[in-house]
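Q: Structure file structure33.cif, mmCIF, C-alpha atoms, is pasted below:
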data_start
loop_
_atom_site.group_PDB
_atom_site.id
_atom_site.type_symbol
_atom_site.label_atom_id
_atom_site.label_comp_id
_atom_site.auth_asym_id
_atom_site.auth_seq_id
_atom_site.Cartn_x
_atom_site.Cartn_y
_atom_site.Cartn_z
ATOM 1 C CA MET Y 7 -1.181 -82.333 52.659
ATOM 2 C CA THR Y 8 -3.576 -85.135 51.710
ATOM 3 C CA GLU Y 9 -2.744 -88.822 52.154
ATOM 4 C CA LEU Y 10 -2.671 -89.240 48.352
ATOM 5 C CA ALA Y 11 -0.172 -86.460 47.785
ATOM 6 C CA LYS Y 12 2.189 -87.842 50.419
ATOM 7 C CA LYS Y 13 2.353 -91.313 48.888
ATOM 8 C CA ARG Y 14 2.792 -90.172 45.287
ATOM 9 C CA PRO Y 15 5.898 -91.941 43.966
ATOM 10 C CA GLU Y 16 8.658 -89.774 42.642
ATOM 11 C CA PHE Y 17 10.935 -90.899 39.824
ATOM 12 C CA ARG Y 18 14.179 -88.968 39.545
ATOM 13 C CA ASN Y 19 15.617 -91.080 36.760
ATOM 14 C CA ILE Y 20 17.437 -88.219 35.048
ATOM 15 C CA ASN Y 21 20.872 -88.677 36.596
ATOM 16 C CA ALA Y 22 23.285 -87.248 34.053
ATOM 17 C CA LEU Y 23 25.811 -90.065 34.493
ATOM 18 C CA SER Y 24 23.871 -93.222 35.337
ATOM 19 C CA ASP Y 25 20.525 -92.648 33.555
ATOM 20 C CA LEU Y 26 20.853 -90.284 30.630
ATOM 21 C CA PRO Y 27 23.412 -92.266 28.549
ATOM 22 C CA THR Y 28 21.152 -95.334 28.674
ATOM 23 C CA TYR Y 29 18.197 -93.585 27.019
ATOM 24 C CA ARG Y 30 17.672 -94.148 23.319
ATOM 25 C CA LEU Y 31 15.976 -91.063 21.924
ATOM 26 C CA PRO Y 32 13.906 -90.931 18.723
ATOM 27 C CA PRO Y 33 15.000 -88.264 16.162
ATOM 28 C CA ALA Y 34 12.399 -85.798 17.460
ATOM 29 C CA GLY Y 35 13.806 -86.305 20.954
ATOM 30 C CA TRP Y 36 17.296 -85.440 19.753
ATOM 31 C CA VAL Y 37 16.004 -82.296 18.043
ATOM 32 C CA SER Y 38 14.208 -81.337 21.244
ATOM 33 C CA ILE Y 39 17.121 -81.794 23.648
ATOM 34 C CA LEU Y 40 19.568 -80.226 21.194
ATOM 35 C CA HIS Y 41 17.202 -77.239 20.893
ATOM 36 C CA ARG Y 42 17.661 -76.737 24.636
ATOM 37 C CA ILE Y 43 21.411 -77.373 24.598
ATOM 38 C CA SER Y 44 21.979 -75.019 21.633
ATOM 39 C CA GLY Y 45 19.840 -72.338 23.281
ATOM 40 C CA LEU Y 46 21.699 -72.622 26.573
ATOM 41 C CA LEU Y 47 25.053 -72.523 24.750
ATOM 42 C CA MET Y 48 24.130 -69.297 22.962
ATOM 43 C CA PHE Y 49 22.839 -67.853 26.245
ATOM 44 C CA LEU Y 50 26.140 -68.585 27.985
ATOM 45 C CA LEU Y 51 28.234 -67.321 25.057
ATOM 46 C CA MET Y 52 26.117 -64.202 24.552
ATOM 47 C CA PRO Y 53 28.834 -61.772 25.775
ATOM 48 C CA PHE Y 54 31.186 -63.296 23.180
ATOM 49 C CA ILE Y 55 28.531 -62.871 20.461
ATOM 50 C CA ILE Y 56 28.071 -59.214 21.382
ATOM 51 C CA TRP Y 57 31.850 -58.764 21.592
ATOM 52 C CA MET Y 58 32.035 -59.985 17.978
ATOM 53 C CA PHE Y 59 29.145 -57.690 16.989
ATOM 54 C CA ASP Y 60 30.802 -54.746 18.754
ATOM 55 C CA ASN Y 61 34.271 -55.207 17.282
ATOM 56 C CA SER Y 62 33.129 -56.139 13.794
ATOM 57 C CA ILE Y 63 31.004 -53.017 13.247
ATOM 58 C CA SER Y 64 32.409 -50.290 15.541
ATOM 59 C CA SER Y 65 35.443 -49.165 13.543
ATOM 60 C CA GLU Y 66 38.041 -50.124 10.964
ATOM 61 C CA PHE Y 67 40.480 -50.655 13.826
ATOM 62 C CA SER Y 68 38.203 -52.886 15.907
ATOM 63 C CA TYR Y 69 37.292 -54.840 12.760
ATOM 64 C CA ALA Y 70 40.973 -55.667 12.316
ATOM 65 C CA LYS Y 71 41.097 -56.809 15.955
ATOM 66 C CA PHE Y 72 38.006 -58.951 15.357
ATOM 67 C CA ALA Y 73 39.568 -60.591 12.289
ATOM 68 C CA ALA Y 74 42.924 -61.078 14.048
ATOM 69 C CA ALA Y 75 41.215 -62.862 16.959
ATOM 70 C CA PHE Y 76 40.387 -65.714 14.564
ATOM 71 C CA ASN Y 77 43.520 -65.601 12.455
ATOM 72 C CA VAL Y 78 46.234 -65.222 15.082
ATOM 73 C CA GLY Y 79 44.355 -65.473 18.372
ATOM 74 C CA LEU Y 80 43.289 -63.183 21.188
ATOM 75 C CA GLY Y 81 45.560 -62.832 24.216
ATOM 76 C CA PHE Y 82 46.507 -66.340 25.330
ATOM 77 C CA VAL Y 83 43.663 -67.953 23.320
ATOM 78 C CA PRO Y 84 44.866 -69.347 19.966
ATOM 79 C CA GLY Y 85 43.019 -68.535 16.741
ATOM 80 C CA TRP Y 86 41.954 -72.132 16.045
ATOM 81 C CA PHE Y 87 40.216 -72.252 19.427
ATOM 82 C CA MET Y 88 38.348 -69.030 18.653
ATOM 83 C CA LYS Y 89 37.263 -70.604 15.367
ATOM 84 C CA LEU Y 90 36.132 -73.718 17.216
ATOM 85 C CA VAL Y 91 33.990 -71.623 19.557
ATOM 86 C CA ALA Y 92 32.581 -69.754 16.547
ATOM 87 C CA LEU Y 93 31.815 -73.099 14.896
ATOM 88 C CA ALA Y 94 29.964 -74.263 18.025
ATOM 89 C CA LEU Y 95 27.918 -71.056 17.803
ATOM 90 C CA ILE Y 96 27.277 -71.623 14.094
ATOM 91 C CA TRP Y 97 25.953 -75.110 14.844
ATOM 92 C CA ALA Y 98 23.877 -73.834 17.775
ATOM 93 C CA TYR Y 99 22.342 -71.066 15.672
ATOM 94 C CA LEU Y 100 21.610 -73.353 12.711
ATOM 95 C CA HIS Y 101 20.041 -76.036 14.875
ATOM 96 C CA HIS Y 102 18.009 -73.571 16.923
ATOM 97 C CA PHE Y 103 16.903 -71.732 13.759
ATOM 98 C CA ILE Y 104 15.844 -74.827 11.805
ATOM 99 C CA ALA Y 105 14.235 -76.534 14.806
ATOM 100 C CA GLY Y 106 12.426 -73.243 15.495
ATOM 101 C CA LEU Y 107 11.079 -73.119 11.933
ATOM 102 C CA ARG Y 108 9.940 -76.733 12.419
ATOM 103 C CA HIS Y 109 8.018 -75.638 15.524
ATOM 104 C CA LEU Y 110 6.431 -72.736 13.651
ATOM 105 C CA TYR Y 111 5.486 -74.944 10.722
ATOM 106 C CA MET Y 112 3.902 -77.510 13.043
ATOM 107 C CA ASP Y 113 1.918 -74.807 14.835
ATOM 108 C CA VAL Y 114 0.704 -73.083 11.684
ATOM 109 C CA CYS Y 115 -0.095 -76.208 9.668
ATOM 110 C CA HIS Y 116 -1.253 -78.377 12.604
ATOM 111 C CA ALA Y 117 1.328 -80.918 11.425
ATOM 112 C CA VAL Y 118 1.288 -83.150 14.478
ATOM 113 C CA SER Y 119 1.435 -86.666 13.064
ATOM 114 C CA LYS Y 120 4.031 -89.128 14.312
ATOM 115 C CA GLU Y 121 5.404 -89.594 10.796
ATOM 116 C CA PHE Y 122 5.846 -85.871 10.201
ATOM 117 C CA GLY Y 123 7.497 -85.511 13.606
ATOM 118 C CA LYS Y 124 10.061 -88.126 12.655
ATOM 119 C CA SER Y 125 10.751 -87.061 9.069
ATOM 120 C CA SER Y 126 10.993 -83.349 9.915
ATOM 121 C CA ALA Y 127 13.318 -84.154 12.826
ATOM 122 C CA ILE Y 128 15.636 -86.083 10.506
ATOM 123 C CA VAL Y 129 15.574 -83.179 8.006
ATOM 124 C CA THR Y 130 16.378 -80.745 10.843
ATOM 125 C CA LEU Y 131 19.342 -82.808 12.050
ATOM 126 C CA ALA Y 132 20.667 -83.428 8.518
ATOM 127 C CA LEU Y 133 20.406 -79.753 7.531
ATOM 128 C CA SER Y 134 21.913 -78.331 10.711
ATOM 129 C CA ILE Y 135 24.813 -80.794 10.803
ATOM 130 C CA GLY Y 136 25.367 -80.628 7.037
ATOM 131 C CA LEU Y 137 25.478 -76.826 6.943
ATOM 132 C CA THR Y 138 27.727 -76.785 10.019
ATOM 133 C CA VAL Y 139 30.210 -79.056 8.220
ATOM 134 C CA VAL Y 140 30.116 -76.900 5.072
ATOM 135 C CA LEU Y 141 30.544 -73.621 6.980
ATOM 136 C CA GLY Y 142 33.120 -75.165 9.306
ATOM 137 C CA ALA Y 143 35.235 -76.223 6.327
ATOM 138 C CA LYS Y 144 35.023 -72.649 5.033
ATOM 139 C CA LEU Y 145 35.902 -71.237 8.463
ATOM 140 C CA PHE Y 146 39.004 -73.400 8.737
ATOM 141 C CA GLY Y 147 40.011 -72.569 5.184
ATOM 142 C CA LEU Y 148 39.539 -75.999 3.590
ATOM 143 C CA TYR Y 149 38.146 -74.374 0.413
ATOM 144 C CA MET J 28 -12.827 -83.787 42.797
ATOM 145 C CA SER J 29 -14.659 -80.899 41.160
ATOM 146 C CA VAL J 30 -13.700 -79.808 37.665
ATOM 147 C CA ASN J 31 -11.319 -76.841 37.771
ATOM 148 C CA TYR J 32 -10.152 -76.694 34.173
ATOM 149 C CA GLY J 33 -11.563 -75.521 30.844
ATOM 150 C CA SER J 34 -14.407 -73.042 31.346
ATOM 151 C CA LYS J 35 -14.456 -73.943 35.068
ATOM 152 C CA ARG J 36 -10.814 -72.995 35.488
ATOM 153 C CA THR J 37 -9.924 -71.212 38.709
ATOM 154 C CA VAL J 38 -8.317 -68.040 37.465
ATOM 155 C CA VAL J 39 -5.491 -66.987 39.738
ATOM 156 C CA GLY J 40 -3.775 -64.481 37.484
ATOM 157 C CA ALA J 41 -1.016 -66.437 35.755
ATOM 158 C CA GLY J 42 -0.864 -66.816 31.974
ATOM 159 C CA TYR J 43 -0.994 -70.649 31.989
ATOM 160 C CA GLY J 44 1.858 -70.673 29.512
ATOM 161 C CA PHE J 45 -0.060 -69.223 26.589
ATOM 162 C CA ARG J 46 1.617 -65.832 26.746
ATOM 163 C CA ASP J 47 5.090 -67.407 26.871
ATOM 164 C CA TRP J 48 4.220 -69.812 24.064
ATOM 165 C CA LEU J 49 3.015 -66.949 21.864
ATOM 166 C CA ALA J 50 5.942 -64.711 22.833
ATOM 167 C CA GLN J 51 8.420 -67.447 21.792
ATOM 168 C CA ARG J 52 6.745 -67.714 18.378
ATOM 169 C CA VAL J 53 6.505 -63.967 17.748
ATOM 170 C CA THR J 54 10.029 -63.125 18.927
ATOM 171 C CA GLY J 55 11.414 -66.188 17.148
ATOM 172 C CA SER J 56 9.744 -65.184 13.872
ATOM 173 C CA LEU J 57 11.160 -61.664 14.164
ATOM 174 C CA MET J 58 14.670 -63.004 14.714
ATOM 175 C CA ALA J 59 14.268 -65.432 11.799
ATOM 176 C CA LEU J 60 13.215 -62.503 9.597
ATOM 177 C CA PHE J 61 16.240 -60.521 10.792
ATOM 178 C CA THR J 62 18.502 -63.475 9.964
ATOM 179 C CA VAL J 63 17.127 -63.663 6.431
ATOM 180 C CA VAL J 64 17.433 -59.877 5.931
ATOM 181 C CA VAL J 65 21.064 -59.771 7.115
ATOM 182 C CA LEU J 66 21.997 -62.922 5.195
ATOM 183 C CA ALA J 67 20.393 -61.607 2.005
ATOM 184 C CA GLN J 68 22.435 -58.404 2.233
ATOM 185 C CA VAL J 69 25.642 -60.360 2.840
ATOM 186 C CA ILE J 70 24.978 -62.656 -0.117
ATOM 187 C CA LEU J 71 23.867 -59.837 -2.433
ATOM 188 C CA THR J 72 26.997 -57.777 -1.723
ATOM 189 C CA SER J 73 29.280 -57.986 -4.713
ATOM 190 C CA GLY J 74 32.950 -58.568 -4.053
ATOM 191 C CA PRO J 75 34.694 -59.419 -0.779
ATOM 192 C CA ILE J 76 33.105 -58.206 2.450
ATOM 193 C CA GLY J 77 35.306 -55.936 4.529
ATOM 194 C CA TYR J 78 34.526 -53.523 7.340
ATOM 195 C CA GLU J 79 32.730 -50.955 5.124
ATOM 196 C CA GLN J 80 30.295 -53.478 3.654
ATOM 197 C CA TRP J 81 29.624 -55.266 6.944
ATOM 198 C CA ALA J 82 29.096 -52.139 9.069
ATOM 199 C CA GLY J 83 27.108 -50.607 6.210
ATOM 200 C CA ILE J 84 24.475 -53.316 6.561
ATOM 201 C CA PHE J 85 23.607 -52.107 10.068
ATOM 202 C CA ALA J 86 24.130 -48.396 9.498
ATOM 203 C CA SER J 87 20.871 -47.553 7.693
ATOM 204 C CA GLN J 88 17.976 -46.334 9.827
ATOM 205 C CA PRO J 89 15.578 -49.142 8.826
ATOM 206 C CA MET J 90 18.217 -51.707 9.830
ATOM 207 C CA LYS J 91 18.881 -49.935 13.143
ATOM 208 C CA PHE J 92 15.131 -49.969 13.740
ATOM 209 C CA LEU J 93 14.909 -53.702 13.017
ATOM 210 C CA THR J 94 18.096 -54.553 14.918
ATOM 211 C CA PHE J 95 16.893 -52.743 18.029
ATOM 212 C CA ALA J 96 13.581 -54.621 17.902
ATOM 213 C CA VAL J 97 15.518 -57.881 17.480
ATOM 214 C CA ILE J 98 17.672 -57.142 20.550
ATOM 215 C CA VAL J 99 14.520 -56.684 22.631
ATOM 216 C CA ALA J 100 12.970 -59.811 21.087
ATOM 217 C CA LEU J 101 16.149 -61.765 21.834
ATOM 218 C CA LEU J 102 16.148 -60.628 25.462
ATOM 219 C CA TRP J 103 12.552 -61.746 25.867
ATOM 220 C CA HIS J 104 12.981 -65.021 23.945
ATOM 221 C CA VAL J 105 16.060 -66.068 25.903
ATOM 222 C CA TRP J 106 14.465 -65.181 29.212
ATOM 223 C CA VAL J 107 11.476 -67.454 28.505
ATOM 224 C CA GLY J 108 13.796 -70.195 27.242
ATOM 225 C CA VAL J 109 16.365 -70.308 30.032
ATOM 226 C CA ARG J 110 13.684 -69.860 32.687
ATOM 227 C CA ASP J 111 12.017 -73.002 31.278
ATOM 228 C CA ILE J 112 15.323 -74.860 31.564
ATOM 229 C CA TRP J 113 15.859 -73.756 35.179
ATOM 230 C CA MET J 114 12.246 -74.605 36.077
ATOM 231 C CA ASP J 115 12.549 -78.078 34.546
ATOM 232 C CA TYR J 116 15.901 -79.188 35.932
ATOM 233 C CA ILE J 117 16.656 -77.118 39.021
ATOM 234 C CA LYS J 118 14.471 -78.126 41.936
ATOM 235 C CA PRO J 119 16.026 -76.445 45.037
ATOM 236 C CA VAL J 120 14.268 -73.077 45.316
ATOM 237 C CA GLY J 121 17.363 -71.214 46.504
ATOM 238 C CA VAL J 122 19.525 -72.394 43.595
ATOM 239 C CA ARG J 123 16.736 -71.617 41.149
ATOM 240 C CA LEU J 124 16.368 -68.097 42.527
ATOM 241 C CA VAL J 125 20.104 -67.508 42.163
ATOM 242 C CA LEU J 126 20.007 -68.763 38.550
ATOM 243 C CA HIS J 127 16.967 -66.603 37.750
ATOM 244 C CA VAL J 128 18.700 -63.518 39.127
ATOM 245 C CA PHE J 129 21.913 -64.432 37.262
ATOM 246 C CA SER J 130 19.942 -64.855 34.011
ATOM 247 C CA ILE J 131 18.251 -61.476 34.392
ATOM 248 C CA VAL J 132 21.531 -59.687 35.133
ATOM 249 C CA TRP J 133 23.349 -61.536 32.322
ATOM 250 C CA LEU J 134 20.620 -60.779 29.780
ATOM 251 C CA THR J 135 19.965 -57.144 30.658
ATOM 252 C CA GLY J 136 23.725 -56.520 30.676
ATOM 253 C CA CYS J 137 24.121 -58.138 27.258
ATOM 254 C CA ALA J 138 21.100 -56.321 25.811
ATOM 255 C CA GLY J 139 22.417 -52.995 27.124
ATOM 256 C CA TRP J 140 25.807 -53.653 25.537
ATOM 257 C CA ALA J 141 24.210 -54.560 22.187
ATOM 258 C CA VAL J 142 22.096 -51.388 22.233
ATOM 259 C CA GLN J 143 25.190 -49.335 23.086
ATOM 260 C CA VAL J 144 26.991 -50.793 20.039
ATOM 261 C CA LEU J 145 24.028 -49.964 17.832
ATOM 262 C CA TRP J 146 23.762 -46.462 19.313
ATOM 263 C CA ARG J 147 27.352 -45.601 18.412
ATOM 264 C CA LEU J 148 27.051 -46.706 14.820
#
Hey, can you dump this file as structure tokens for me?

A:
Amino acid sequence: MTELAKKRPEFRNINALSDLPTYRLPPAGWVSILHRISGLLMFLLMPFIIWMFDNSISSEFSYAKFAAAFNVGLGFVPGWFMKLVALALIWAYLHHFIAGLRHLYMDVCHAVSKEFGKSSAIVTLALSIGLTVVLGAKLFGLY
Amino acid sequence: MSVNYGSKRTVVGAGYGFRDWLAQRVTGSLMALFTVVVLAQVILTSGPIGYEQWAGIFASQPMKFLTFAVIVALLWHVWVGVRDIWMDYIKPVGVRLVLHVFSIVWLTGCAGWAVQVLWRL
């Protein structure tokens, strides 16, 4: 190893407890980190997503089981908790989808200005959170 | 130091990220298209949606064709995505290897299950 490589300073200022809460992210930063968090969430909950896919389309009987999981619960898990998990997935999908379209738009249209980055990030956050609220209200039977 | 980038790049066989970047865009676009196609059919269905209507969306051969392609695209897309997360935040090589292996097992298992569901329909 060269002398230069040995002395290179290393900053590990990403401690989840002492560093991360002190950072103030711009809107585009929030979209970026939430893109990762939503992706990871869907990755971890993927068996649940496929369980829903399986039960909802396999048969009349399994469809009833799928519906009951959210209305009365599944095993020891209450229905409202199942709905909450589904709502987390709805948010994750919406955010990932809209932020993904933002990426595609930026790539195709070479939209790389600072202003566009900020305004499109705000639109992404507003749309994903707004739609999550609307669909969440529907899911919990508020209308 | 001599220039080793651009046209003078030392080619050692890796994709330098371009393949992953393109794969994320292509697989993402396919999944976005799938989302729109499924959503359109849900919205255009008249009356309440029960088992018949919902399962019917996926039962036609063109939809099975598209859904299968989307499962493969999803597998690929998620692999690139979670691998990026592990590479960025997990520094110990042993832990990273374990997480990579876990991700591959998790994803291939899930993809197999999804294909099995589609196969039965």

Q: What residues in chain Y lie within 8 Å of chain J, counting only C-alpha atoms, written as a list of chain:residue names?

A: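 Listing them in order of chain and number gives Y:Arg42, Y:Gly45, Y:Leu46, Y:Phe49, Y:Met52, Y:Pro53, Y:Ile56, Y:Phe59, Y:Asp60, Y:Ser62, Y:Ile63, Y:Ser64, Y:Ser65, Y:Glu66, Y:Tyr69, Y:Phe103, Y:Gly106, Y:Leu110.
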
Q: How would you write, as a short mmCIF file (atom, residue, chain, number, x, y, z; two decimals) with C-alpha atoms, keeping the file's coordinate frame, the residues chosen by the PyMOL selection byres ((chain Y and resi 138-149) around 10) on this structure?

A:
data_model
loop_
_atom_site.label_atom_id
_atom_site.label_comp_id
_atom_site.auth_asym_id
_atom_site.auth_seq_id
_atom_site.Cartn_x
_atom_site.Cartn_y
_atom_site.Cartn_z
CA PHE Y 76 40.39 -65.71 14.56
CA ASN Y 77 43.52 -65.60 12.46
CA TRP Y 86 41.95 -72.13 16.05
CA LYS Y 89 37.26 -70.60 15.37
CA LEU Y 90 36.13 -73.72 17.22
CA ALA Y 92 32.58 -69.75 16.55
CA LEU Y 93 31.82 -73.10 14.90
CA ALA Y 94 29.96 -74.26 18.02
CA LEU Y 95 27.92 -71.06 17.80
CA ILE Y 96 27.28 -71.62 14.09
CA TRP Y 97 25.95 -75.11 14.84
CA ALA Y 98 23.88 -73.83 17.77
CA TYR Y 99 22.34 -71.07 15.67
CA LEU Y 100 21.61 -73.35 12.71
CA HIS Y 101 20.04 -76.04 14.88
CA ALA Y 132 20.67 -83.43 8.52
CA LEU Y 133 20.41 -79.75 7.53
CA SER Y 134 21.91 -78.33 10.71
CA ILE Y 135 24.81 -80.79 10.80
CA GLY Y 136 25.37 -80.63 7.04
CA LEU Y 137 25.48 -76.83 6.94
#

Q: What separation in Å, quoted to one decimal, exists between atom CA of Ala100 of chain J and atom CA of Leu57 of chain J?

A: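 Spanning atom CA of Ala100 of chain J to atom CA of Leu57 of chain J is a straight-line distance of 7.4 Å.
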
Q: Check which residues satisfy the PyMOL selection byres ((chain Y and resi 36) around 12) in the file shown, then give them as a PyMOL selection string.

A: chain Y and resi 29-35+37-44+101+105+123-124+126-128+130-132

Q: Quote the spacing between atom CA of Arg108 of chain Y and atom CA of Ala50 of chain J in Å to one decimal place.

A: 16.4 Å

Q: In Å, with one decimal, what is the gap from atom CA of Phe72 of chain Y to atom CA of Ser73 of chain J?

A: 21.9 Å

Q: First collect every listed atom of segment 18-27 of chain Y; then fit an axis-aligned box around them, widen it by 5 Å on each side, and give centre and edge lengths in Å to one decimal, as lines of an AutoDock Vina configuration file.

A:
center_x = 20.0
center_y = -90.2
center_z = 34.0
size_x = 21.6
size_y = 16.0
size_z = 21.0
